[in-house]
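Taking it in order: structure first as structure tokens, then the write-up.
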Amino acid sequence: MRILSIVVSVVMLAFASTALAQVKLTLWSHWAAEKIKRDFVEDAIKRFEAANPGVKIEASWYEKNALYASLKTALRAGTAPDIFYAEPDQVEYMENGLLLDLTPLNWSAIEPWAKEIWSYKGKPYGLPLEASTVELYYNKKLMGEMGIKLPASLQLDAATMLDLVKKARAKNLTPMALGVGDRPFPGAYLTHEALLKKLGPQDYDKLLKGSLSWSDSRVVDTLRLVRSWAEAGLLPTTFTTLKLGEAHSYFHTNPGAVMFLNGSWYTSRAFNAPDKGGQPPGFALGVMKFPAVPGAACNECRTLSVQGSYVANAATKHPKEALAFLNSFATPAVANRWLENVLVQTGIKADYDKVGGPHAGYFRELQATSAGAKYYFGMPIQVMQGKPKEVFTQVMNSAFPAGSISVDDAVKQMNAAYGK
Amino acid sequence: MPVAPRPGEALPPARALPPASLDRQPWGAIIAFLLPAFTIYIALTAYPVFRTLWNSFHKVLPRNEAYVGLDNYAALVQDEIFWRSVQNTFIWACASPLAEVSIALLLALALYAKIPGRRFFRIAWFTPVLMSYVVVGIVWVWIYNYDWGAANAILRALGLERWVQAWIGDPRIALPSLIFITTWMWTGFNMVVLLAALHALPSEVIEAAELDNCGWGAKLLHIIIPMVKPTLLNLLVLSFIGKMKIFDLVWITTKGGPLWSTETVSTYTYKRAFEWNTFDLGYPSTIAAVWFVFVLVAVLGLTWAFRQRDRLEY
Amino acid sequence: MIPKAFLFVVVIVYTAFAAGPFVWVATMSLRTTSEITQDHYAWPETLHWEKFPQAWFNSNYSVYFENSLLVVVSAVAVLTVVGAMAAHCFARYRFRVNRILYFIIFSAIIFPPQITIIALFQILVQYGLYNSLVGLTLVYIAVQLPLTVYILESFFARIPADLFDAARIDGYPEWQIFWKVSLPIALPAIATTIILNTILLWNEFLYAVVLITDEAKRTLPLGIQRFMGDQLEDVGMIATGLMIAIIPVVLIYVFFSEKLIQGMTAGAVK
């Protein structure tokens, strides 16, 4: 009897300790097709598991649209993972109390503007891993062939831009690869970067939030400017149906374009192997600033936004471990590693001088376009919600650049969306 | 054990029992037969309808549901995207059946005229119907590709460069392009039905018309069409109902764009329920409820209108 | 009279139009993407049969296929039994609420999916059946029930009443009448509904997209869509994937075409 009870208690103890020791966290993330970022996160998971034996993290990788659909339904059903990828525009998570309050994290290691973007009612809810600017990538070889020289400021003026478009078309080249087939933001880059420069950060903010009318003459002038580029043949004919991955390939591989307007996370696809969607070997990549807009309030303004972040499920059974994992990202070492490998900005404070690695040259070029920049924090679709966001996506992202809607109609639609 | 009788044969007697009264209804059996079907129906069809209606009067969030009365309905009246999607769906549901059925009739007549190989053609033309809308959507996105798609390639090969378009990228022709796809898909089905109907016609009438030296057009108009009218009407209604429900094709090809030119009620409902930055299920339920009424009214209206011409039996 | 030759030409052109896309996908499925980008319409030079096992094993195709198979076979089996029982009852028994009940089920054919899908989502979540193949199967049964009952009822109704009266006089219990009399005679219609339901459910997309999110539980149409996203427009691979999805349906069709056409059109011919 005694032996039996000893055996039983030993077995129970073993069970209990394994139950205590093995904590399993589930993580769902975007970036299934972006190897560099995926590798980074999986590496971070391995480091965390090594530092915290007894915690295992199981990661599932998705494409963004599929991830969002799964999360929406899983959160409703109560089957959502402990940690998942989110972007700051998903305010519905915070409005419905579905996210864990991340106040205990080490916020001194994180840029204040990034924390601000993820704050809701004064509390932070996301770890801002990925930040990005909108960059104008270009093919150095093709630019040279057209005899366009980039000034030292790395910023063309509007007239040179128009000239470039015409020259490219004359040589049967597409001036700019861009596609809105499966994303709600690339087409809008053209207009919102131009608008930001023309209006300056305060008025631009007003415009996005609905307190400045789209019929403002500065807005209309900027729209006409962008329209003039589009009408000269800036964009591919397949612009409305070209998917994001295809647009990358259109720029650097086939058929090849002079420029590509994309977030600075361009490299997480482009620096993959060519058969995985990356640049061909020896591709002469250059980065320049978005062209200057005539009569602009702030030609050095640009958008800086937080993209891929990680959040924790409010209903997680392991909040301590989830917080610990997210906190493991909040160090300059991690930020530097991110910068060196992923080559895109981050919301975590980094030691910019110490960034080395095999692509340091590209990184310096990237930094050069942000030299002296003033930032507006947030992409339009992160700032807008509901009806204005839907109309912006259809009109400014897709129809307006494609030329399917006139400047006046676009203005009318945008104003109507805000109820004006 | 007794075997199933051939028609006309008498069943062998089972056992020596007094004959059951033919007037007494075997309620036990009736209920047993109907119970499984009705359980499933009530649980997964009838109840959801009422639940959706209930949702439409509430704001339905993950943690709570708040009664909002007619707010959702009021918002719906103002919702231009909803009305645009209603318009698109109705256009689709009217244009596609007309195209499908008329082309199908001509094709059926062609086969009826006893051209060689008609068994093969009948089978070949039926195949588009079998493919999933997902497959059809992907293939047609390729066909409509501006640079290398078959549509533009054929036009260029024929020297019709002027007519080359961005078929699903241009808001003006995106919807017709999609309607073309469903026509492609369903004409074969309609043709097969009409062919069967034609074969069921008494051949003496058609032969008599031929003897009377009626022109081909007159024969068609005055004899054949009236005789297959019930089938024609039936096909129109079926096609109409099918197009009112359409979702898969739009979702794979254009997702409702560009500029809402292909937004249908089903895609809009899905987006409001699962893609907008909100968890609220109340508003999409309102869309579903209003649309339900529209569909019922439309189908009843069509059926009533056609009933005047000919009796459609259920 | 329209010359037969002209009609023949029209017919040939239409056949090219109807079957063309399918043939195009078939040829692309046997070529590599680089070959395709060079010439989208060439006939395959070398038949790359190895792409098929590649598509099957390198993506999750086997999983999607099995899930579809499981769901469709179960749903169709239950549908046939439950639908036949109800149809037999509606067709053969006279009771006052017969036509009303029949109409209630039959009318569901015109219900647009939106009226049920949001609530179905809520219901499945509530009972823990969300994101499960069981839940999807149940929904599929409910979705196809009205059509099944409709097709079978009209067939059962055509069976001469004397057979039933004779059987009843002879003392057969109702269940045996159903099993031994109705079913065997209605076998052609039942075969038709089986084929019809199989094809419709095999291709079903909307309910699957809303009610299944787990990668491991996806059915084939969802899998194809995911495949498309994964492959970043690897046109050759996608074409191979499409062929794998089409082939089962084509096989069913090739073997059962007459029966299928008869069945699908039987309800529509008046």
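Identifiers in this document derive from the order of the structure tokens: chains are assigned A, B, ..., residues are numbered from 1 separately in each chain, and ligands are numbered from 1 in order of occurrence.
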DSSP-assigned alpha helix (DSSP H) among stretch 270-349 of chain A, expressed as JSON, numbers by chain = {"A": [270, 319, 320, 321, 322, 323, 324, 325, 326, 327, 332, 333, 334, 335, 336, 337, 338, 339, 340, 341, 342]}
With C-alpha atoms retained, write the just-selected residues as a PDB file, in the first residue's frame.
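As written to disk, part.pdb reads:
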ATOM      1  CA  ALA A 270      13.582  41.271 -53.428  1.00  0.00           C
ATOM      2  CA  PRO A 319      -0.074  35.995 -20.392  1.00  0.00           C
ATOM      3  CA  LYS A 320       3.246  35.975 -18.546  1.00  0.00           C
ATOM      4  CA  GLU A 321       4.979  33.914 -21.188  1.00  0.00           C
ATOM      5  CA  ALA A 322       3.375  35.852 -24.020  1.00  0.00           C
ATOM      6  CA  LEU A 323       4.543  39.138 -22.543  1.00  0.00           C
ATOM      7  CA  ALA A 324       7.993  37.699 -21.990  1.00  0.00           C
ATOM      8  CA  PHE A 325       8.220  36.661 -25.623  1.00  0.00           C
ATOM      9  CA  LEU A 326       7.175  40.061 -26.879  1.00  0.00           C
ATOM     10  CA  ASN A 327       9.563  41.717 -24.491  1.00  0.00           C
ATOM     11  CA  PRO A 332      18.790  47.315 -29.423  1.00  0.00           C
ATOM     12  CA  ALA A 333      20.517  44.040 -30.285  1.00  0.00           C
ATOM     13  CA  VAL A 334      17.286  42.682 -31.769  1.00  0.00           C
ATOM     14  CA  ALA A 335      16.640  45.957 -33.561  1.00  0.00           C
ATOM     15  CA  ASN A 336      20.075  45.932 -35.107  1.00  0.00           C
ATOM     16  CA  ARG A 337      19.731  42.324 -36.122  1.00  0.00           C
ATOM     17  CA  TRP A 338      16.410  43.199 -37.761  1.00  0.00           C
ATOM     18  CA  LEU A 339      17.946  46.125 -39.607  1.00  0.00           C
ATOM     19  CA  GLU A 340      20.928  44.134 -40.825  1.00  0.00           C
ATOM     20  CA  ASN A 341      18.975  41.162 -42.031  1.00  0.00           C
ATOM     21  CA  VAL A 342      15.587  42.452 -43.005  1.00  0.00           C
TER      22      VAL A 342
END
request  = Excluding A:Met146 and any residue of its chain fewer than 3 positions from it, enumerate the residues within 10 Å of it, using only C-alpha atoms, and give them as an MDAnalysis selection string.
outcome  = chainID A and resid 141:143 149 164 167:168 170:171 258
inquiry  = Report as a PyMOL selection string all protein, DNA and RNA residues lying within 9 Å of A:Trp265, evaluated on only C-alpha atoms, omitting residues in the same chain fewer than 4 positions from it.
reply    = chain A and resi 130-134+269-270+342-345
message = Give me the residues near A:Arg227 as number ranges by chain, where near means some atom within 9 Å (using only C-alpha atoms) and where sequence neighbours in that chain fewer than 2 positions away do not count.
response = A: 222-225, 229-232, 400-401, 403, 406-407
Just write the chosen residues, C-alpha atoms, as a PDB file, in the first residue's frame.
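The resulting again-v6.pdb:
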ATOM      1  CA  THR A 222      -1.718  67.733 -56.430  1.00  0.00           C
ATOM      2  CA  LEU A 223      -4.254  65.308 -57.847  1.00  0.00           C
ATOM      3  CA  ARG A 224      -3.894  66.962 -61.236  1.00  0.00           C
ATOM      4  CA  LEU A 225      -0.130  66.597 -60.994  1.00  0.00           C
ATOM      5  CA  TRP A 229       2.063  61.586 -64.729  1.00  0.00           C
ATOM      6  CA  ALA A 230      -0.471  58.797 -65.075  1.00  0.00           C
ATOM      7  CA  GLU A 231      -1.757  60.111 -68.363  1.00  0.00           C
ATOM      8  CA  ALA A 232       1.776  60.289 -69.720  1.00  0.00           C
ATOM      9  CA  PHE A 400      -7.824  57.364 -59.766  1.00  0.00           C
ATOM     10  CA  PRO A 401      -4.302  56.226 -60.690  1.00  0.00           C
ATOM     11  CA  GLY A 403      -7.547  56.891 -64.887  1.00  0.00           C
ATOM     12  CA  SER A 406     -11.687  62.113 -63.202  1.00  0.00           C
ATOM     13  CA  VAL A 407     -10.074  64.398 -60.658  1.00  0.00           C
TER      14      VAL A 407
END
With chain A as the partner and 6 Å as the cut-off, tabulate the residues of chain B that qualify, each row holding the nearest pair of atoms and their distance in Å to one decimal, using only C-alpha atoms, sorted by chain and rising number, as a Markdown table.
| residue | atom | partner | partner_atom | distance |
| --- | --- | --- | --- | --- |
| B:Pro62 | CA | A:Arg76 | CA | 5.5 |
| B:Gly169 | CA | A:Thr240 | CA | 5.3 |
| B:Leu259 | CA | A:Gln394 | CA | 5.3 |
| B:Asn277 | CA | A:Glu92 | CA | 5.5 |
| B:Thr278 | CA | A:Glu92 | CA | 5.1 |
note = Closest of A:Asp157, A:Glu116, A:Asp408, A:Glu34 to chain C, counting only C-alpha atoms, is A:Glu34
Write out, as CSV, each residue of chain C that has an atom at most 12 Å from chain A, together with the closest pair of atoms and their distance in Å to one decimal, counting only C-alpha atoms, rows going by chain and rising number.
residue,atom,partner,partner_atom,distance
C:Thr33,CA,A:Asp275,CA,11.4
C:Ser34,CA,A:Asp275,CA,11.1
C:Thr37,CA,A:Asn254,CA,9.7
C:Gln38,CA,A:Asn254,CA,11.2
C:Ile118,CA,A:Thr73,CA,11.2
C:Phe121,CA,A:Thr73,CA,8.8
C:Gln122,CA,A:Ala77,CA,8.3
C:Ile123,CA,A:Ala77,CA,10.3
C:Leu124,CA,A:Ala77,CA,9.0
C:Val125,CA,A:Ala77,CA,5.4
C:Gln126,CA,A:Ala77,CA,7.7
C:Tyr127,CA,A:Ala77,CA,10.0
C:Gly128,CA,A:Ala77,CA,8.2
C:Leu129,CA,A:Ala77,CA,9.9
C:Tyr130,CA,A:Ala77,CA,7.5
C:Asn131,CA,A:Ala74,CA,8.7
C:Val209,CA,A:Ala69,CA,9.2
C:Val210,CA,A:Thr73,CA,8.3
C:Leu211,CA,A:Thr73,CA,8.5
C:Ile212,CA,A:Ser70,CA,8.4
C:Thr213,CA,A:Ser70,CA,5.3
C:Asp214,CA,A:Ser70,CA,7.6
C:Glu215,CA,A:Tyr62,CA,9.3
C:Ala216,CA,A:Ser60,CA,11.4
C:Arg218,CA,A:Ser70,CA,12.0
C:Leu222,CA,A:Ala66,CA,10.6
C:Gly223,CA,A:Ala66,CA,11.6
C:Gln225,CA,A:Ala66,CA,10.1
C:Arg226,CA,A:Ala66,CA,8.2
C:Phe227,CA,A:Glu63,CA,10.9
C:Met228,CA,A:Glu63,CA,11.0
C:Gly229,CA,A:Glu63,CA,7.5
C:Asp230,CA,A:Ala33,CA,7.3
C:Gln231,CA,A:Ala33,CA,9.2
C:Leu232,CA,A:Gly245,CA,6.1
C:Glu233,CA,A:Glu246,CA,7.1
C:Asp234,CA,A:Glu246,CA,10.0
C:Val235,CA,A:Glu246,CA,11.5
Write a file of the selected residues as a short mmCIF file (atom, residue, chain, number, x, y, z; two decimals), in the first residue's frame, keeping C-alpha atoms.
data_model
loop_
_atom_site.label_atom_id
_atom_site.label_comp_id
_atom_site.auth_asym_id
_atom_site.auth_seq_id
_atom_site.Cartn_x
_atom_site.Cartn_y
_atom_site.Cartn_z
CA THR C 33 6.13 28.43 -66.24
CA SER C 34 9.17 29.66 -68.16
CA THR C 37 5.84 32.92 -70.42
CA GLN C 38 7.70 32.55 -73.69
CA ILE C 118 -23.93 34.74 -40.80
CA PHE C 121 -21.37 30.97 -38.41
CA GLN C 122 -22.69 32.06 -35.02
CA ILE C 123 -24.44 28.74 -34.42
CA LEU C 124 -21.43 26.63 -35.30
CA VAL C 125 -19.25 28.74 -33.06
CA GLN C 126 -21.72 28.35 -30.23
CA TYR C 127 -21.73 24.58 -30.46
CA GLY C 128 -18.02 24.18 -31.05
CA LEU C 129 -18.52 23.02 -34.60
CA TYR C 130 -16.86 25.99 -36.18
CA ASN C 131 -13.79 25.23 -38.26
CA VAL C 209 -14.59 29.94 -47.00
CA VAL C 210 -16.63 31.25 -44.08
CA LEU C 211 -16.75 28.15 -41.93
CA ILE C 212 -13.25 26.69 -42.35
CA THR C 213 -10.06 28.58 -41.58
CA ASP C 214 -7.68 25.88 -40.42
CA GLU C 215 -5.15 25.01 -43.11
CA ALA C 216 -5.44 21.33 -42.29
CA ARG C 218 -9.48 23.14 -46.04
CA LEU C 222 -10.22 26.67 -50.69
CA GLY C 223 -7.00 24.82 -51.28
CA GLN C 225 -7.32 29.53 -53.83
CA ARG C 226 -4.55 29.22 -51.28
CA PHE C 227 -2.40 27.49 -53.85
CA MET C 228 -2.88 30.48 -56.08
CA GLY C 229 -1.71 32.86 -53.38
CA ASP C 230 1.25 30.70 -52.46
CA GLN C 231 2.57 30.26 -55.93
CA LEU C 232 2.95 33.95 -56.66
CA GLU C 233 1.57 33.48 -60.16
CA ASP C 234 3.59 30.40 -61.01
CA VAL C 235 1.15 29.89 -63.82
#
Can you check which parts of chain C lie within 6 Å of chain B? Per residue, the shortest pair of atoms and distance in Å to one decimal, counting only C-alpha atoms, sorted by chain and number, as a tab-separated table.
residue	atom	partner	partner_atom	distance
C:Ala18	CA	B:Trp125	CA	6.0
C:Val82	CA	B:Ala37	CA	5.7
C:Met85	CA	B:Phe33	CA	5.0
C:Ala86	CA	B:Leu34	CA	5.0
C:Pro112	CA	B:Lys245	CA	5.4
C:Gln114	CA	B:Ala288	CA	5.3
C:Ile115	CA	B:Ala288	CA	4.9
C:Thr116	CA	B:Pro48	CA	5.0
C:Ala119	CA	B:Pro48	CA	5.0
C:Leu120	CA	B:Pro48	CA	6.0
C:Ala142	CA	B:Tyr41	CA	5.9
C:Ile169	CA	B:Pro19	CA	4.9
C:Asp170	CA	B:Pro13	CA	5.3
C:Lys180	CA	B:Ala4	CA	5.5
C:Val181	CA	B:Ala4	CA	5.7
C:Asn203	CA	B:Ser132	CA	4.6
C:Thr265	CA	B:Val193	CA	5.3
C:Val269	CA	B:Thr231	CA	5.3
C:Lys270	CA	B:Thr231	CA	5.3
Any chance you can output those residues with N, CA and C atoms as a PDB file, in the first residue's frame?
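Ended up saving to selection02.pdb:
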ATOM      1  N   ALA C  18     -16.450  26.741 -75.888  1.00  0.00           N
ATOM      2  CA  ALA C  18     -16.838  26.123 -74.622  1.00  0.00           C
ATOM      3  C   ALA C  18     -15.704  25.309 -74.023  1.00  0.00           C
ATOM      4  N   VAL C  82     -31.779  10.776 -46.024  1.00  0.00           N
ATOM      5  CA  VAL C  82     -32.754  11.677 -45.405  1.00  0.00           C
ATOM      6  C   VAL C  82     -33.691  12.261 -46.454  1.00  0.00           C
ATOM      7  N   MET C  85     -36.198   9.658 -47.744  1.00  0.00           N
ATOM      8  CA  MET C  85     -37.269   9.405 -46.774  1.00  0.00           C
ATOM      9  C   MET C  85     -38.312  10.501 -46.832  1.00  0.00           C
ATOM     10  N   ALA C  86     -37.849  11.721 -46.813  1.00  0.00           N
ATOM     11  CA  ALA C  86     -38.806  12.831 -46.824  1.00  0.00           C
ATOM     12  C   ALA C  86     -39.580  12.864 -48.135  1.00  0.00           C
ATOM     13  N   PRO C 112     -31.206  33.066 -50.697  1.00  0.00           N
ATOM     14  CA  PRO C 112     -29.813  33.405 -50.949  1.00  0.00           C
ATOM     15  C   PRO C 112     -28.964  32.997 -49.746  1.00  0.00           C
ATOM     16  N   GLN C 114     -26.736  34.370 -48.077  1.00  0.00           N
ATOM     17  CA  GLN C 114     -26.424  35.344 -47.034  1.00  0.00           C
ATOM     18  C   GLN C 114     -27.399  35.282 -45.882  1.00  0.00           C
ATOM     19  N   ILE C 115     -28.639  34.915 -46.152  1.00  0.00           N
ATOM     20  CA  ILE C 115     -29.634  34.966 -45.082  1.00  0.00           C
ATOM     21  C   ILE C 115     -29.332  33.932 -44.005  1.00  0.00           C
ATOM     22  N   THR C 116     -28.584  32.898 -44.371  1.00  0.00           N
ATOM     23  CA  THR C 116     -28.288  31.894 -43.359  1.00  0.00           C
ATOM     24  C   THR C 116     -26.837  31.914 -42.916  1.00  0.00           C
ATOM     25  N   ALA C 119     -25.671  33.653 -39.527  1.00  0.00           N
ATOM     26  CA  ALA C 119     -26.192  32.965 -38.350  1.00  0.00           C
ATOM     27  C   ALA C 119     -25.600  31.570 -38.221  1.00  0.00           C
ATOM     28  N   LEU C 120     -25.363  30.903 -39.367  1.00  0.00           N
ATOM     29  CA  LEU C 120     -24.740  29.584 -39.296  1.00  0.00           C
ATOM     30  C   LEU C 120     -23.374  29.688 -38.657  1.00  0.00           C
ATOM     31  N   ALA C 142     -27.759  20.488 -45.044  1.00  0.00           N
ATOM     32  CA  ALA C 142     -28.887  21.412 -44.995  1.00  0.00           C
ATOM     33  C   ALA C 142     -29.026  22.192 -46.295  1.00  0.00           C
ATOM     34  N   ILE C 169     -51.995  -3.535 -48.765  1.00  0.00           N
ATOM     35  CA  ILE C 169     -53.025  -4.552 -48.547  1.00  0.00           C
ATOM     36  C   ILE C 169     -52.368  -5.835 -48.090  1.00  0.00           C
ATOM     37  N   ASP C 170     -51.238  -6.107 -48.682  1.00  0.00           N
ATOM     38  CA  ASP C 170     -50.552  -7.330 -48.305  1.00  0.00           C
ATOM     39  C   ASP C 170     -49.914  -7.244 -46.937  1.00  0.00           C
ATOM     40  N   LYS C 180     -38.384  -1.443 -49.971  1.00  0.00           N
ATOM     41  CA  LYS C 180     -38.456  -2.466 -50.995  1.00  0.00           C
ATOM     42  C   LYS C 180     -39.182  -2.039 -52.249  1.00  0.00           C
ATOM     43  N   VAL C 181     -40.032  -1.024 -52.132  1.00  0.00           N
ATOM     44  CA  VAL C 181     -40.801  -0.630 -53.305  1.00  0.00           C
ATOM     45  C   VAL C 181     -40.286   0.683 -53.886  1.00  0.00           C
ATOM     46  N   ASN C 203     -17.572  21.312 -55.528  1.00  0.00           N
ATOM     47  CA  ASN C 203     -17.154  22.633 -55.993  1.00  0.00           C
ATOM     48  C   ASN C 203     -17.558  23.763 -55.071  1.00  0.00           C
ATOM     49  N   THR C 265     -31.385  17.727 -65.891  1.00  0.00           N
ATOM     50  CA  THR C 265     -32.340  18.433 -66.732  1.00  0.00           C
ATOM     51  C   THR C 265     -33.769  17.978 -66.491  1.00  0.00           C
ATOM     52  N   VAL C 269     -37.137  20.287 -67.398  1.00  0.00           N
ATOM     53  CA  VAL C 269     -37.976  20.127 -68.578  1.00  0.00           C
ATOM     54  C   VAL C 269     -39.426  20.047 -68.169  1.00  0.00           C
ATOM     55  N   LYS C 270     -40.235  20.830 -68.803  1.00  0.00           N
ATOM     56  CA  LYS C 270     -41.668  20.731 -68.505  1.00  0.00           C
ATOM     57  C   LYS C 270     -42.389  20.344 -69.766  1.00  0.00           C
TER      58      LYS C 270
END
Coordinates-based distance that separates atom CA of A:Tyr85 from atom CA of A:Leu25 (Å, one decimal) =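 Between these atoms lies a distance of 13.8 Å.
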task = Write out as number ranges by chain which residues come within 9 Å of C:Ala189 when counting only C-alpha atoms, dropping same-chain ones fewer than 5 positions away.
result = C: 151-152, 155-156, 194, 259, 263
Write the residues of the selection above to a file with N, CA and C atoms, as a short mmCIF file (atom, residue, chain, number, x, y, z; two decimals), in the first residue's frame.
data_model
loop_
_atom_site.label_atom_id
_atom_site.label_comp_id
_atom_site.auth_asym_id
_atom_site.auth_seq_id
_atom_site.Cartn_x
_atom_site.Cartn_y
_atom_site.Cartn_z
N ILE C 151 -36.18 16.97 -56.31
CA ILE C 151 -35.97 16.04 -57.43
C ILE C 151 -36.57 14.68 -57.13
N LEU C 152 -36.33 14.20 -55.90
CA LEU C 152 -36.81 12.86 -55.58
C LEU C 152 -38.33 12.82 -55.47
N PHE C 155 -40.06 12.38 -58.64
CA PHE C 155 -39.89 11.04 -59.20
C PHE C 155 -40.74 10.02 -58.44
N PHE C 156 -40.69 10.12 -57.11
CA PHE C 156 -41.49 9.21 -56.31
C PHE C 156 -42.97 9.35 -56.67
N ILE C 194 -27.38 11.73 -56.31
CA ILE C 194 -26.05 11.48 -55.75
C ILE C 194 -24.99 12.18 -56.60
N LYS C 259 -26.62 9.82 -67.54
CA LYS C 259 -27.46 9.83 -66.34
C LYS C 259 -27.48 11.22 -65.72
N GLY C 263 -30.63 13.61 -65.30
CA GLY C 263 -31.08 14.00 -63.97
C GLY C 263 -31.12 15.50 -63.78
#
request  = Output as an MDAnalysis selection string all residues of stretch 29-241 of chain A that backbone DSSP marks as strand (DSSP E).
outcome  = chainID A and resid 29 55:61 83:86 119:120 123:124 131:139 155:157 174:177
task = Compile the contact shell of stretch 105-113 of chain A as a PyMOL selection string: residues with an atom at most 6 Å away, counting only C-alpha atoms, same-chain residues fewer than 3 positions apart removed.
result = chain A and resi 102+116+327+330-331+347-349
With all heavy atoms retained, write the just-selected residues as a PDB file, in the first residue's frame.
ATOM      1  N   LEU A 102      -0.234  45.744 -23.173  1.00  0.00           N
ATOM      2  CA  LEU A 102       1.200  45.458 -23.173  1.00  0.00           C
ATOM      3  C   LEU A 102       1.997  46.464 -22.347  1.00  0.00           C
ATOM      4  O   LEU A 102       3.196  46.634 -22.555  1.00  0.00           O
ATOM      5  CB  LEU A 102       1.732  45.462 -24.615  1.00  0.00           C
ATOM      6  CG  LEU A 102       1.164  44.363 -25.522  1.00  0.00           C
ATOM      7  CD1 LEU A 102       1.835  44.427 -26.891  1.00  0.00           C
ATOM      8  CD2 LEU A 102       1.391  42.988 -24.923  1.00  0.00           C
ATOM      9  N   GLU A 116       3.135  55.285 -29.706  1.00  0.00           N
ATOM     10  CA  GLU A 116       1.958  56.127 -29.868  1.00  0.00           C
ATOM     11  C   GLU A 116       0.982  55.529 -30.877  1.00  0.00           C
ATOM     12  O   GLU A 116      -0.230  55.514 -30.677  1.00  0.00           O
ATOM     13  CB  GLU A 116       2.421  57.522 -30.321  1.00  0.00           C
ATOM     14  CG  GLU A 116       1.324  58.529 -30.475  1.00  0.00           C
ATOM     15  CD  GLU A 116       0.494  58.692 -29.227  1.00  0.00           C
ATOM     16  OE1 GLU A 116       1.082  58.643 -28.116  1.00  0.00           O
ATOM     17  OE2 GLU A 116      -0.725  58.826 -29.350  1.00  0.00           O
ATOM     18  N   ASN A 327       8.523  40.886 -25.070  1.00  0.00           N
ATOM     19  CA  ASN A 327       9.563  41.717 -24.491  1.00  0.00           C
ATOM     20  C   ASN A 327      10.949  41.358 -25.008  1.00  0.00           C
ATOM     21  O   ASN A 327      11.850  42.205 -25.029  1.00  0.00           O
ATOM     22  CB  ASN A 327       9.526  41.587 -22.955  1.00  0.00           C
ATOM     23  CG  ASN A 327       9.809  42.907 -22.291  1.00  0.00           C
ATOM     24  OD1 ASN A 327       9.835  43.946 -22.930  1.00  0.00           O
ATOM     25  ND2 ASN A 327      10.058  42.866 -20.984  1.00  0.00           N
ATOM     26  N   ALA A 330      12.362  43.680 -27.431  1.00  0.00           N
ATOM     27  CA  ALA A 330      12.591  45.092 -27.118  1.00  0.00           C
ATOM     28  C   ALA A 330      14.011  45.356 -26.639  1.00  0.00           C
ATOM     29  O   ALA A 330      14.248  45.784 -25.523  1.00  0.00           O
ATOM     30  CB  ALA A 330      11.574  45.567 -26.073  1.00  0.00           C
ATOM     31  N   THR A 331      14.987  45.066 -27.492  1.00  0.00           N
ATOM     32  CA  THR A 331      16.378  45.390 -27.165  1.00  0.00           C
ATOM     33  C   THR A 331      17.062  45.934 -28.418  1.00  0.00           C
ATOM     34  O   THR A 331      16.694  45.565 -29.535  1.00  0.00           O
ATOM     35  CB  THR A 331      17.174  44.153 -26.709  1.00  0.00           C
ATOM     36  OG1 THR A 331      17.308  43.279 -27.839  1.00  0.00           O
ATOM     37  CG2 THR A 331      16.489  43.426 -25.575  1.00  0.00           C
ATOM     38  N   GLY A 347      10.303  49.727 -35.232  1.00  0.00           N
ATOM     39  CA  GLY A 347       9.847  50.644 -34.192  1.00  0.00           C
ATOM     40  C   GLY A 347      10.646  50.502 -32.915  1.00  0.00           C
ATOM     41  O   GLY A 347      10.445  51.244 -31.958  1.00  0.00           O
ATOM     42  N   ILE A 348      11.572  49.556 -32.923  1.00  0.00           N
ATOM     43  CA  ILE A 348      12.393  49.361 -31.729  1.00  0.00           C
ATOM     44  C   ILE A 348      13.632  50.233 -31.873  1.00  0.00           C
ATOM     45  O   ILE A 348      14.200  50.371 -32.955  1.00  0.00           O
ATOM     46  CB  ILE A 348      12.804  47.874 -31.618  1.00  0.00           C
ATOM     47  CG1 ILE A 348      11.555  46.994 -31.685  1.00  0.00           C
ATOM     48  CG2 ILE A 348      13.571  47.613 -30.335  1.00  0.00           C
ATOM     49  CD1 ILE A 348      11.871  45.533 -31.847  1.00  0.00           C
ATOM     50  N   LYS A 349      14.086  50.823 -30.778  1.00  0.00           N
ATOM     51  CA  LYS A 349      15.245  51.728 -30.875  1.00  0.00           C
ATOM     52  C   LYS A 349      16.479  50.934 -31.260  1.00  0.00           C
ATOM     53  O   LYS A 349      16.772  49.896 -30.670  1.00  0.00           O
ATOM     54  CB  LYS A 349      15.488  52.412 -29.519  1.00  0.00           C
ATOM     55  CG  LYS A 349      14.487  53.503 -29.215  1.00  0.00           C
ATOM     56  CD  LYS A 349      14.900  54.265 -27.964  1.00  0.00           C
ATOM     57  CE  LYS A 349      13.828  55.304 -27.633  1.00  0.00           C
ATOM     58  NZ  LYS A 349      13.825  55.666 -26.226  1.00  0.00           N
TER      59      LYS A 349
END
